[in-house]
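In what follows, a structure is listed as C-alpha cells, so that the remarks can point back to it.
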Amino acid sequence: MSKLQDLSNAGTAVWLDFVDRKFLNAGGLQKLVDEDGLSGVTSNPTIFEKAMGSGEAYDEGFAAFDKANPGATAMARYEAQAVKDIQAACDTLRPVYDRLDAKDGYVSLEVSPYLAMKGPETAEEAERLWKAVDRPNLMIKIPGTDDGVRAIRDTIAKGINVNVTLLFSIAAYQKVANAYVEGLEERAEKGLPIDRIASVASFFVSRIDSKIDDKIDAGVGGDEAKALKGKVAIANAKLAYAWYQEFIASDRWQKLAAKGAQPQRLLWASTGTKNPDYPDTLYVDALIGPETVNTMPPKTMDAFRDHGTVAQTLTDDVAGARQVMADAERLGLDLDGVTATLVEEGVASFATSFDDLLKVIGEKQPA
C-alpha cells in the first residue's frame with residue numbers, strides 16, 4: 001500500500017484539493033482512487049480560476065454551452081462547466097461513496113464567494129447548486145462566517161451535505177458544529193432520515209502559522225516567542241479535535257448517533273507548507289487521527305506519498321498544545337485577531353479569484 005493508503009487506514013481520509021477537466025478526462029482522479037485510496041475532492045474559486053483560465057480544456061464545453069444558450073452571462077458559463085466537472089468527479093467517487101455507505105466519497109462545490117456575508121441567499125444558492133449537480137455524494141461548501149452559520153443549519157435541515165469552509169478559530173468551529181447538530185435535530189423532530197447526511201468542518205492550518213510567524217519575526221513576544229514559530233497552527237488544530245472528541249461523547253450527540261447520524265468530521269485544509277524552512281508534509285504528519293480528513297494540493301500529496309510519516313499524532317501531547325496556546329496569548333500574539341483577519345482575507349481572496357475567473361471566461365466569449 002502507498003503511504004496515502006496507510007494514512008486513510010489510520011483514520012485520516014485523503015482528499016484532493018484540486019479539480020481540472022484535463023486531469024479528470026485523463027483518468028487522473030480514478031488513478032488516485034485506485035492507487036492511493038483517495039476518497040474525496042475539494043474545489044474553490046481559486047482552483048476553478050486556474051483550471052478554466054489556462055489552456056484549451058474548457059473551450060469545447062464553452063462553445064457547446066454558448067450555442068445552446070446565446071448571450072449567456074459569464075456566471076452562467078462558469079457554472080455550467082463547473083457543474084460538469086463536479087458531476088464527473090462525483091461519478092468517479094460514487095463507488096467509494098456506495099462502498100462506505102455514504103461515510104465518504106464526497107466532492108465539494110462552493111457557493112458564490114459574493115454571498116459569504118448573506119445567510120439567506122447562501123442557503124438558497126446551496127439548494128440550487130445541489131439540484132443542479134444532482135449527485136448524492138456532493139457537498140456544498142459554505143463559509144463558516146457568522147452569517148453562514150444559519151445557512152449551514154438550514155441547508156443540513158434540507159438534507160444537503162455541507163462542507164463548512166474558512167474555519168480558523170475553535171470558537172467559529174464550535175458554532176458550525178452546533179449548527180450541524182441543530183439541522184439534524186430539526187430533521188429528526190420531523191421524522192426525516194439523518195443517517196446519510198454528511199458534513200465536514202474545514203479547519204485551515206498553514207495560514208495561521210504564516211501570520212503568527214510574521215508577528216514573531218516583527219518582534220512581537222520578544223525572543224521567547226521564537227520558540228512558537230511553526231507550532232501555533234498545529235496546537236490550535238489539536239485543541240479543536242480535543243473539543244470534537246468531547247462533543248461526540250455528549251448526550252446530545254449520542255441521541256443523534258443512535259438514529260444513525262454521522263459525526264461532522266474535522267477536515268484539515270490549507271495543508272501545503274508555505275514556509276520553506278518547514279517540512280513539506282508538516283501539516284499532514286502532525287494531524288493524523290480517527291474521523292478526520294486532510295485535503296491536500298497535488299504537490300503535498302506527492303510529498304507525503306514519497307516521505308510522509310504515519311502515526312497517531314493528533315492526540316499526542318495535547319497538554320503541550322494547550323501550553324503553546326497559553327504562551328501565544330501571554331506573549332501578545334493575538335490569535336483571535338489573526339483568525340478574524342484570516343476569515344476576512346479568505347472571503348476577499350475567493351471573491352477576487354471569482355472576479356478573475358469571470359473576467360477570463362468573458363474573454364473566452366466567442367466572436
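Ligands are numbered from 1 in the order shown, chains are lettered A, B, ... in the order of the C-alpha cells, and residues start at 1 in each chain.
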
What are the closest atom pairs, with distances in Å to one decimal, for all residues of segment 161-217 of chain A lying within 10 Å of segment 238-252 of chain A? Consider only C-alpha atoms, order rows by chain and residue number, and present the result as a tab-separated table.
residue	atom	partner	partner_atom	distance
A:Phe168	CA	A:Ala240	CA	9.9
A:Ser169	CA	A:Ala240	CA	8.3
A:Ile170	CA	A:Ala240	CA	5.6
A:Ala171	CA	A:Ala240	CA	9.0
A:Tyr173	CA	A:Ala240	CA	7.7
A:Gln174	CA	A:Trp243	CA	8.4
A:Ala177	CA	A:Tyr244	CA	8.7
A:Asn178	CA	A:Phe247	CA	9.6
A:Val181	CA	A:Arg252	CA	8.7
A:Glu185	CA	A:Arg252	CA	9.6
A:Phe203	CA	A:Ala240	CA	8.7

Within 8 Å of segment 106-116 of chain A, counting only C-alpha atoms, which residues qualify if same-chain residues fewer than 3 places away don't, as an MDAnalysis selection string?
chainID A and resid 39:45 86 89:90 93 97 119 121:122 125:126 129 137:143 145 147:148 163 347 350:351 354

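Nearest-residue note for Asp104 of chain A: choosing from A:Gly11, A:Gly346, A:Pro120, A:Pro279, the minimum distance belongs to A:Gly11, counting only C-alpha atoms.
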
Apply DSSP to the structure's backbone, then extract all residues of segment 39-270 of chain A labelled helix (DSSP H, G or I) and return them as an NGL selection string.
:A and (45-53 or 59-68 or 74-99 or 113-115 or 119-133 or 146-157 or 170-189 or 206-217 or 222-228 or 232-248 or 251-257)

I'd like to know which of A:Thr273, A:Thr46, A:Asn69, A:Thr315 is closest to Thr352 of chain A, using only C-alpha atoms.
A:Thr46

Which residues, written as a PyMOL selection string, have at least one atom at most 12 Å from Asp59 of chain A, with only C-alpha atoms counted and residues fewer than 6 positions away on the same chain left out?
chain A and resi 21-22+51-53+65-66+77-78+81+360-361+363-366

Would you mind exporting N, CA and C atoms of the selected residues as a PDB file, in the first residue's frame?
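Writing done, so here's again_26.pdb:
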ATOM      1  N   ARG A  21     -10.509  19.737 -15.714  1.00  0.00           N
ATOM      2  CA  ARG A  21     -11.140  18.859 -16.712  1.00  0.00           C
ATOM      3  C   ARG A  21     -10.129  17.958 -17.414  1.00  0.00           C
ATOM      4  N   LYS A  22      -8.978  18.510 -17.765  1.00  0.00           N
ATOM      5  CA  LYS A  22      -7.956  17.698 -18.431  1.00  0.00           C
ATOM      6  C   LYS A  22      -7.530  16.542 -17.538  1.00  0.00           C
ATOM      7  N   ALA A  51      -7.965  26.553 -13.388  1.00  0.00           N
ATOM      8  CA  ALA A  51      -8.306  25.493 -14.342  1.00  0.00           C
ATOM      9  C   ALA A  51      -8.902  26.062 -15.633  1.00  0.00           C
ATOM     10  N   MET A  52      -9.891  26.936 -15.497  1.00  0.00           N
ATOM     11  CA  MET A  52     -10.599  27.438 -16.671  1.00  0.00           C
ATOM     12  C   MET A  52      -9.848  28.562 -17.380  1.00  0.00           C
ATOM     13  N   GLY A  53      -8.962  29.220 -16.645  1.00  0.00           N
ATOM     14  CA  GLY A  53      -8.295  30.378 -17.197  1.00  0.00           C
ATOM     15  C   GLY A  53      -7.082  30.076 -18.049  1.00  0.00           C
ATOM     16  N   PHE A  65     -22.029  25.138 -24.843  1.00  0.00           N
ATOM     17  CA  PHE A  65     -22.988  25.859 -23.991  1.00  0.00           C
ATOM     18  C   PHE A  65     -23.445  27.138 -24.667  1.00  0.00           C
ATOM     19  N   ASP A  66     -22.506  27.857 -25.277  1.00  0.00           N
ATOM     20  CA  ASP A  66     -22.859  29.118 -25.921  1.00  0.00           C
ATOM     21  C   ASP A  66     -23.813  28.908 -27.098  1.00  0.00           C
ATOM     22  N   ARG A  77     -21.964  30.716 -17.744  1.00  0.00           N
ATOM     23  CA  ARG A  77     -20.999  29.913 -18.496  1.00  0.00           C
ATOM     24  C   ARG A  77     -20.061  29.176 -17.538  1.00  0.00           C
ATOM     25  N   TYR A  78     -19.600  29.892 -16.497  1.00  0.00           N
ATOM     26  CA  TYR A  78     -18.746  29.251 -15.480  1.00  0.00           C
ATOM     27  C   TYR A  78     -19.479  28.103 -14.802  1.00  0.00           C
ATOM     28  N   GLN A  81     -19.896  24.785 -16.658  1.00  0.00           N
ATOM     29  CA  GLN A  81     -18.681  23.968 -16.759  1.00  0.00           C
ATOM     30  C   GLN A  81     -18.274  23.413 -15.398  1.00  0.00           C
ATOM     31  N   VAL A 360     -11.857  36.096 -17.169  1.00  0.00           N
ATOM     32  CA  VAL A 360     -11.238  35.179 -18.138  1.00  0.00           C
ATOM     33  C   VAL A 360     -12.304  34.513 -18.993  1.00  0.00           C
ATOM     34  N   ILE A 361     -13.396  34.091 -18.353  1.00  0.00           N
ATOM     35  CA  ILE A 361     -14.471  33.436 -19.097  1.00  0.00           C
ATOM     36  C   ILE A 361     -15.102  34.419 -20.083  1.00  0.00           C
ATOM     37  N   GLU A 363     -13.551  36.758 -21.572  1.00  0.00           N
ATOM     38  CA  GLU A 363     -12.608  36.896 -22.684  1.00  0.00           C
ATOM     39  C   GLU A 363     -12.642  35.690 -23.622  1.00  0.00           C
ATOM     40  N   LYS A 364     -13.155  34.571 -23.111  1.00  0.00           N
ATOM     41  CA  LYS A 364     -13.273  33.377 -23.955  1.00  0.00           C
ATOM     42  C   LYS A 364     -14.596  33.363 -24.720  1.00  0.00           C
ATOM     43  N   GLN A 365     -15.370  34.433 -24.564  1.00  0.00           N
ATOM     44  CA  GLN A 365     -16.660  34.533 -25.260  1.00  0.00           C
ATOM     45  C   GLN A 365     -16.417  34.451 -26.770  1.00  0.00           C
ATOM     46  N   PRO A 366     -17.192  33.641 -27.463  1.00  0.00           N
ATOM     47  CA  PRO A 366     -16.997  33.522 -28.910  1.00  0.00           C
ATOM     48  C   PRO A 366     -17.323  34.826 -29.625  1.00  0.00           C
TER      49      PRO A 366
END

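With only C-alpha atoms as the atoms that count, the minimum distance from Val220 of chain A to the choices A:Asp356, A:Asp154, A:Asp334, A:Asp17 is reached by A:Asp334.
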
Residues near Val164 of chain A, anyone? I mean within 8 Å using only C-alpha atoms, not counting same-chain ones fewer than 2 positions away, as a ChimeraX atom specification.
/A:141-144,152,162,166-167,176,199-202

Output all heavy atoms of each residue in that selection to a file, as a PDB file, in the first residue's frame.
ATOM      1  N   LYS A 141     -20.067  23.760  -0.283  1.00  0.00           N
ATOM      2  CA  LYS A 141     -19.169  24.499   0.603  1.00  0.00           C
ATOM      3  C   LYS A 141     -19.800  25.838   0.984  1.00  0.00           C
ATOM      4  O   LYS A 141     -20.171  26.628   0.114  1.00  0.00           O
ATOM      5  CB  LYS A 141     -17.813  24.731  -0.062  1.00  0.00           C
ATOM      6  CG  LYS A 141     -16.993  23.471  -0.235  1.00  0.00           C
ATOM      7  CD  LYS A 141     -15.648  23.736  -0.894  1.00  0.00           C
ATOM      8  CE  LYS A 141     -14.642  24.314   0.077  1.00  0.00           C
ATOM      9  NZ  LYS A 141     -13.286  24.415  -0.536  1.00  0.00           N
ATOM     10  N   ILE A 142     -19.896  26.055   2.293  1.00  0.00           N
ATOM     11  CA  ILE A 142     -20.457  27.293   2.833  1.00  0.00           C
ATOM     12  C   ILE A 142     -19.443  27.885   3.808  1.00  0.00           C
ATOM     13  O   ILE A 142     -18.973  27.187   4.708  1.00  0.00           O
ATOM     14  CB  ILE A 142     -21.791  27.026   3.557  1.00  0.00           C
ATOM     15  CG1 ILE A 142     -22.832  26.480   2.573  1.00  0.00           C
ATOM     16  CG2 ILE A 142     -22.302  28.293   4.232  1.00  0.00           C
ATOM     17  CD1 ILE A 142     -24.151  26.099   3.224  1.00  0.00           C
ATOM     18  N   PRO A 143     -19.091  29.162   3.661  1.00  0.00           N
ATOM     19  CA  PRO A 143     -18.125  29.767   4.585  1.00  0.00           C
ATOM     20  C   PRO A 143     -18.637  29.768   6.027  1.00  0.00           C
ATOM     21  O   PRO A 143     -19.822  30.019   6.270  1.00  0.00           O
ATOM     22  CB  PRO A 143     -17.961  31.194   4.057  1.00  0.00           C
ATOM     23  CG  PRO A 143     -18.397  31.135   2.638  1.00  0.00           C
ATOM     24  CD  PRO A 143     -19.479  30.099   2.593  1.00  0.00           C
ATOM     25  N   GLY A 144     -17.738  29.514   6.962  1.00  0.00           N
ATOM     26  CA  GLY A 144     -18.122  29.472   8.370  1.00  0.00           C
ATOM     27  C   GLY A 144     -18.136  30.842   9.012  1.00  0.00           C
ATOM     28  O   GLY A 144     -17.664  31.005  10.151  1.00  0.00           O
ATOM     29  N   ILE A 152     -25.862  27.136   7.186  1.00  0.00           N
ATOM     30  CA  ILE A 152     -25.415  25.758   7.393  1.00  0.00           C
ATOM     31  C   ILE A 152     -26.520  24.944   8.059  1.00  0.00           C
ATOM     32  O   ILE A 152     -26.850  23.836   7.627  1.00  0.00           O
ATOM     33  CB  ILE A 152     -24.135  25.748   8.253  1.00  0.00           C
ATOM     34  CG1 ILE A 152     -22.969  26.355   7.471  1.00  0.00           C
ATOM     35  CG2 ILE A 152     -23.788  24.329   8.714  1.00  0.00           C
ATOM     36  CD1 ILE A 152     -21.826  26.830   8.343  1.00  0.00           C
ATOM     37  N   VAL A 162     -22.894  19.349   3.675  1.00  0.00           N
ATOM     38  CA  VAL A 162     -22.225  20.645   3.756  1.00  0.00           C
ATOM     39  C   VAL A 162     -20.761  20.487   4.157  1.00  0.00           C
ATOM     40  O   VAL A 162     -20.430  19.785   5.109  1.00  0.00           O
ATOM     41  CB  VAL A 162     -22.926  21.576   4.775  1.00  0.00           C
ATOM     42  CG1 VAL A 162     -22.138  22.880   4.933  1.00  0.00           C
ATOM     43  CG2 VAL A 162     -24.351  21.869   4.339  1.00  0.00           C
ATOM     44  N   LEU A 166     -13.344  27.905   5.529  1.00  0.00           N
ATOM     45  CA  LEU A 166     -12.778  29.104   6.129  1.00  0.00           C
ATOM     46  C   LEU A 166     -12.939  29.148   7.650  1.00  0.00           C
ATOM     47  O   LEU A 166     -13.296  30.187   8.224  1.00  0.00           O
ATOM     48  CB  LEU A 166     -13.373  30.365   5.494  1.00  0.00           C
ATOM     49  CG  LEU A 166     -12.947  30.658   4.057  1.00  0.00           C
ATOM     50  CD1 LEU A 166     -13.616  31.922   3.535  1.00  0.00           C
ATOM     51  CD2 LEU A 166     -11.428  30.807   3.953  1.00  0.00           C
ATOM     52  N   LEU A 167     -12.656  28.024   8.304  1.00  0.00           N
ATOM     53  CA  LEU A 167     -12.630  27.997   9.764  1.00  0.00           C
ATOM     54  C   LEU A 167     -11.190  28.124  10.232  1.00  0.00           C
ATOM     55  O   LEU A 167     -10.314  27.376   9.799  1.00  0.00           O
ATOM     56  CB  LEU A 167     -13.239  26.688  10.283  1.00  0.00           C
ATOM     57  CG  LEU A 167     -14.725  26.476  10.012  1.00  0.00           C
ATOM     58  CD1 LEU A 167     -15.152  25.088  10.460  1.00  0.00           C
ATOM     59  CD2 LEU A 167     -15.561  27.541  10.728  1.00  0.00           C
ATOM     60  N   VAL A 176     -20.316  26.224  14.130  1.00  0.00           N
ATOM     61  CA  VAL A 176     -20.798  25.464  12.982  1.00  0.00           C
ATOM     62  C   VAL A 176     -21.086  24.016  13.366  1.00  0.00           C
ATOM     63  O   VAL A 176     -21.973  23.381  12.781  1.00  0.00           O
ATOM     64  CB  VAL A 176     -19.820  25.540  11.798  1.00  0.00           C
ATOM     65  CG1 VAL A 176     -19.570  26.979  11.389  1.00  0.00           C
ATOM     66  CG2 VAL A 176     -18.511  24.849  12.094  1.00  0.00           C
ATOM     67  N   SER A 199     -21.197  15.965   6.760  1.00  0.00           N
ATOM     68  CA  SER A 199     -20.638  17.304   6.809  1.00  0.00           C
ATOM     69  C   SER A 199     -19.192  17.220   7.284  1.00  0.00           C
ATOM     70  O   SER A 199     -18.827  16.315   8.041  1.00  0.00           O
ATOM     71  CB  SER A 199     -21.439  18.193   7.766  1.00  0.00           C
ATOM     72  OG  SER A 199     -20.898  19.507   7.824  1.00  0.00           O
ATOM     73  N   VAL A 200     -18.377  18.148   6.799  1.00  0.00           N
ATOM     74  CA  VAL A 200     -17.022  18.314   7.311  1.00  0.00           C
ATOM     75  C   VAL A 200     -16.843  19.772   7.695  1.00  0.00           C
ATOM     76  O   VAL A 200     -17.476  20.670   7.123  1.00  0.00           O
ATOM     77  CB  VAL A 200     -15.941  17.904   6.287  1.00  0.00           C
ATOM     78  CG1 VAL A 200     -16.001  16.412   6.006  1.00  0.00           C
ATOM     79  CG2 VAL A 200     -16.055  18.706   4.995  1.00  0.00           C
ATOM     80  N   ALA A 201     -15.996  20.000   8.690  1.00  0.00           N
ATOM     81  CA  ALA A 201     -15.659  21.349   9.128  1.00  0.00           C
ATOM     82  C   ALA A 201     -14.217  21.609   8.717  1.00  0.00           C
ATOM     83  O   ALA A 201     -13.288  21.041   9.294  1.00  0.00           O
ATOM     84  CB  ALA A 201     -15.829  21.478  10.636  1.00  0.00           C
ATOM     85  N   SER A 202     -14.028  22.432   7.704  1.00  0.00           N
ATOM     86  CA  SER A 202     -12.694  22.657   7.132  1.00  0.00           C
ATOM     87  C   SER A 202     -11.918  23.683   7.956  1.00  0.00           C
ATOM     88  O   SER A 202     -12.161  24.891   7.877  1.00  0.00           O
ATOM     89  CB  SER A 202     -12.809  23.126   5.682  1.00  0.00           C
ATOM     90  OG  SER A 202     -13.353  22.100   4.880  1.00  0.00           O
TER      91      SER A 202
END

Could you work out how far atom CA of Arg322 of chain A lies from atom CA of Lys211 of chain A, giving the answer in Å with one decimal?
19.2 Å

Could you list, as a PyMOL selection string, every residue within 8 Å of segment 189-195 of chain A, counting only C-alpha atoms and ignoring same-chain residues fewer than 4 positions away?
chain A and resi 159+184-185+259-262

Would you export the selected residues with N, CA, C and O atoms as an mmCIF file, in the first residue's frame, please?
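Final file, selection-v1.cif:
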data_model
loop_
_atom_site.group_PDB
_atom_site.id
_atom_site.type_symbol
_atom_site.label_atom_id
_atom_site.label_comp_id
_atom_site.auth_asym_id
_atom_site.auth_seq_id
_atom_site.Cartn_x
_atom_site.Cartn_y
_atom_site.Cartn_z
ATOM 1 N N GLY A 159 -31.443 18.325 4.193
ATOM 2 C CA GLY A 159 -30.870 17.049 3.775
ATOM 3 C C GLY A 159 -29.728 17.186 2.791
ATOM 4 O O GLY A 159 -29.408 16.241 2.067
ATOM 5 N N LEU A 184 -29.669 18.606 12.034
ATOM 6 C CA LEU A 184 -30.034 17.197 12.181
ATOM 7 C C LEU A 184 -31.209 17.032 13.144
ATOM 8 O O LEU A 184 -32.126 16.231 12.899
ATOM 9 N N GLU A 185 -31.187 17.786 14.243
ATOM 10 C CA GLU A 185 -32.278 17.691 15.223
ATOM 11 C C GLU A 185 -33.602 18.123 14.619
ATOM 12 O O GLU A 185 -34.651 17.520 14.899
ATOM 13 N N LYS A 259 -29.660 7.418 16.127
ATOM 14 C CA LYS A 259 -30.559 7.438 14.965
ATOM 15 C C LYS A 259 -29.777 7.347 13.658
ATOM 16 O O LYS A 259 -30.349 7.528 12.582
ATOM 17 N N GLY A 260 -28.474 7.079 13.769
ATOM 18 C CA GLY A 260 -27.657 6.879 12.577
ATOM 19 C C GLY A 260 -26.883 8.081 12.106
ATOM 20 O O GLY A 260 -26.236 8.029 11.049
ATOM 21 N N ALA A 261 -26.905 9.189 12.866
ATOM 22 C CA ALA A 261 -26.225 10.409 12.422
ATOM 23 C C ALA A 261 -24.717 10.198 12.327
ATOM 24 O O ALA A 261 -24.112 9.527 13.168
ATOM 25 N N GLN A 262 -24.131 10.800 11.294
ATOM 26 C CA GLN A 262 -22.681 10.760 11.114
ATOM 27 C C GLN A 262 -22.051 11.985 11.780
ATOM 28 O O GLN A 262 -22.581 13.088 11.653
#

Minimum-distance residue to Ala326 of chain A, chosen among A:Leu228, A:Ala218, A:Ala102, A:Ala123 (using only C-alpha atoms):
A:Leu228
